[in-house]
Amino acid sequence: MEQLSTLYRDIIRKNNLSHLTITLERVENIKYVIKYYNFIKYDFSDSKIADESVKLLGNCHILNLS
């Protein structure tokens with residue numbers, strides 16, 4: 001799934017990128033990003049996300065499900 005150099009991957013994982021809104025549709029990708037990254041804005045309006053995945057969004061600041 002990850003096609004980043006380790007330098008960029010570590011920068012993205014460690015920094016708070018509050019200006020980015022992450023838009024994902026596949027639930028497998030959503031779970032992966034929630035587990036390994038610290039984004040705070042998500043747009044899952046076109047996804048089939050379920051309650052158990054939403055529970056994992058502890059650091060989420062903005063979540064669009066509509």
# chains A, B, ... in the order shown; residues from 1 in each chain; ligands from 1

call {"tool": "residues_around", "arguments": {"residues": "Tyr36 in chain A", "least_positions_apart": "6", "cutoff": "12 Å", "atoms": "only C-alpha atoms", "output": "list of chain:residue names"}}
result
A:Met1, A:Glu2, A:Arg9, A:Asp10, A:Ile12, A:Arg13, A:Lys14, A:Asn29, A:Ile30, A:Leu56, A:Leu57

call {"tool": "residues_around", "arguments": {"residues": "range 43-53 of chain A", "least_positions_apart": "4", "cutoff": "12 Å", "atoms": "only C-alpha atoms", "output": "PyMOL selection string"}}
result
chain A and resi 20-35+39+57-58+60-66

call {"tool": "select_by_dssp", "arguments": {"residues": "chain A", "states": "strand (DSSP E)", "output": "number ranges by chain"}}
result
A: 22-23, 41-43, 62-64

call {"tool": "select_by_dssp", "arguments": {"residues": "chain A", "states": "helix (DSSP H, G or I)", "output": "ChimeraX atom specification"}}
result
/A:6-14,27-36,51-54

call {"tool": "write_last_selection", "arguments": {"atoms": "N, CA and C atoms", "output": "PDB file, in the first residue's frame"}}
result
ATOM      1  N   THR A   6      10.960   6.225   3.000  1.00  0.00           N
ATOM      2  CA  THR A   6      10.820   6.195   4.458  1.00  0.00           C
ATOM      3  C   THR A   6      10.904   7.592   5.058  1.00  0.00           C
ATOM      4  N   LEU A   7      11.649   8.487   4.455  1.00  0.00           N
ATOM      5  CA  LEU A   7      11.739   9.855   4.954  1.00  0.00           C
ATOM      6  C   LEU A   7      10.381  10.545   4.899  1.00  0.00           C
ATOM      7  N   TYR A   8       9.737  10.519   3.747  1.00  0.00           N
ATOM      8  CA  TYR A   8       8.433  11.163   3.609  1.00  0.00           C
ATOM      9  C   TYR A   8       7.372  10.458   4.442  1.00  0.00           C
ATOM     10  N   ARG A   9       7.441   9.134   4.502  1.00  0.00           N
ATOM     11  CA  ARG A   9       6.489   8.384   5.310  1.00  0.00           C
ATOM     12  C   ARG A   9       6.576   8.813   6.778  1.00  0.00           C
ATOM     13  N   ASP A  10       7.789   8.935   7.303  1.00  0.00           N
ATOM     14  CA  ASP A  10       7.963   9.335   8.698  1.00  0.00           C
ATOM     15  C   ASP A  10       7.508  10.769   8.939  1.00  0.00           C
ATOM     16  N   ILE A  11       7.761  11.659   7.989  1.00  0.00           N
ATOM     17  CA  ILE A  11       7.301  13.047   8.118  1.00  0.00           C
ATOM     18  C   ILE A  11       5.783  13.095   8.161  1.00  0.00           C
ATOM     19  N   ILE A  12       5.131  12.365   7.271  1.00  0.00           N
ATOM     20  CA  ILE A  12       3.669  12.361   7.219  1.00  0.00           C
ATOM     21  C   ILE A  12       3.090  11.732   8.473  1.00  0.00           C
ATOM     22  N   ARG A  13       3.695  10.666   8.957  1.00  0.00           N
ATOM     23  CA  ARG A  13       3.174   9.973  10.137  1.00  0.00           C
ATOM     24  C   ARG A  13       3.318  10.794  11.411  1.00  0.00           C
ATOM     25  N   LYS A  14       4.388  11.563  11.545  1.00  0.00           N
ATOM     26  CA  LYS A  14       4.692  12.236  12.806  1.00  0.00           C
ATOM     27  C   LYS A  14       4.115  13.641  12.917  1.00  0.00           C
ATOM     28  N   VAL A  27     -12.808   0.585   2.995  1.00  0.00           N
ATOM     29  CA  VAL A  27     -12.721   0.428   4.444  1.00  0.00           C
ATOM     30  C   VAL A  27     -11.354  -0.118   4.854  1.00  0.00           C
ATOM     31  N   GLU A  28     -10.757  -0.982   4.054  1.00  0.00           N
ATOM     32  CA  GLU A  28      -9.431  -1.511   4.367  1.00  0.00           C
ATOM     33  C   GLU A  28      -8.397  -0.386   4.412  1.00  0.00           C
ATOM     34  N   ASN A  29      -8.480   0.537   3.468  1.00  0.00           N
ATOM     35  CA  ASN A  29      -7.564   1.678   3.451  1.00  0.00           C
ATOM     36  C   ASN A  29      -7.819   2.607   4.629  1.00  0.00           C
ATOM     37  N   ILE A  30      -9.076   2.797   4.979  1.00  0.00           N
ATOM     38  CA  ILE A  30      -9.428   3.645   6.118  1.00  0.00           C
ATOM     39  C   ILE A  30      -8.810   3.082   7.389  1.00  0.00           C
ATOM     40  N   LYS A  31      -8.966   1.786   7.621  1.00  0.00           N
ATOM     41  CA  LYS A  31      -8.404   1.159   8.821  1.00  0.00           C
ATOM     42  C   LYS A  31      -6.887   1.281   8.849  1.00  0.00           C
ATOM     43  N   TYR A  32      -6.240   1.116   7.706  1.00  0.00           N
ATOM     44  CA  TYR A  32      -4.784   1.226   7.634  1.00  0.00           C
ATOM     45  C   TYR A  32      -4.321   2.641   7.973  1.00  0.00           C
ATOM     46  N   VAL A  33      -4.952   3.629   7.384  1.00  0.00           N
ATOM     47  CA  VAL A  33      -4.561   5.020   7.621  1.00  0.00           C
ATOM     48  C   VAL A  33      -4.819   5.416   9.072  1.00  0.00           C
ATOM     49  N   ILE A  34      -5.937   4.989   9.637  1.00  0.00           N
ATOM     50  CA  ILE A  34      -6.240   5.289  11.037  1.00  0.00           C
ATOM     51  C   ILE A  34      -5.172   4.695  11.950  1.00  0.00           C
ATOM     52  N   LYS A  35      -4.716   3.495  11.629  1.00  0.00           N
ATOM     53  CA  LYS A  35      -3.749   2.800  12.478  1.00  0.00           C
ATOM     54  C   LYS A  35      -2.356   3.417  12.413  1.00  0.00           C
ATOM     55  N   TYR A  36      -1.914   3.835  11.231  1.00  0.00           N
ATOM     56  CA  TYR A  36      -0.525   4.230  11.051  1.00  0.00           C
ATOM     57  C   TYR A  36      -0.276   5.728  10.880  1.00  0.00           C
ATOM     58  N   ASP A  51     -19.484   1.485  12.378  1.00  0.00           N
ATOM     59  CA  ASP A  51     -19.238   2.030  13.709  1.00  0.00           C
ATOM     60  C   ASP A  51     -17.906   1.593  14.305  1.00  0.00           C
ATOM     61  N   GLU A  52     -17.505   0.328  14.096  1.00  0.00           N
ATOM     62  CA  GLU A  52     -16.262  -0.150  14.709  1.00  0.00           C
ATOM     63  C   GLU A  52     -15.043   0.588  14.164  1.00  0.00           C
ATOM     64  N   SER A  53     -15.084   1.043  12.924  1.00  0.00           N
ATOM     65  CA  SER A  53     -13.975   1.820  12.368  1.00  0.00           C
ATOM     66  C   SER A  53     -14.007   3.257  12.864  1.00  0.00           C
ATOM     67  N   VAL A  54     -15.176   3.811  13.038  1.00  0.00           N
ATOM     68  CA  VAL A  54     -15.297   5.191  13.526  1.00  0.00           C
ATOM     69  C   VAL A  54     -14.767   5.294  14.952  1.00  0.00           C
TER      70      VAL A  54
END
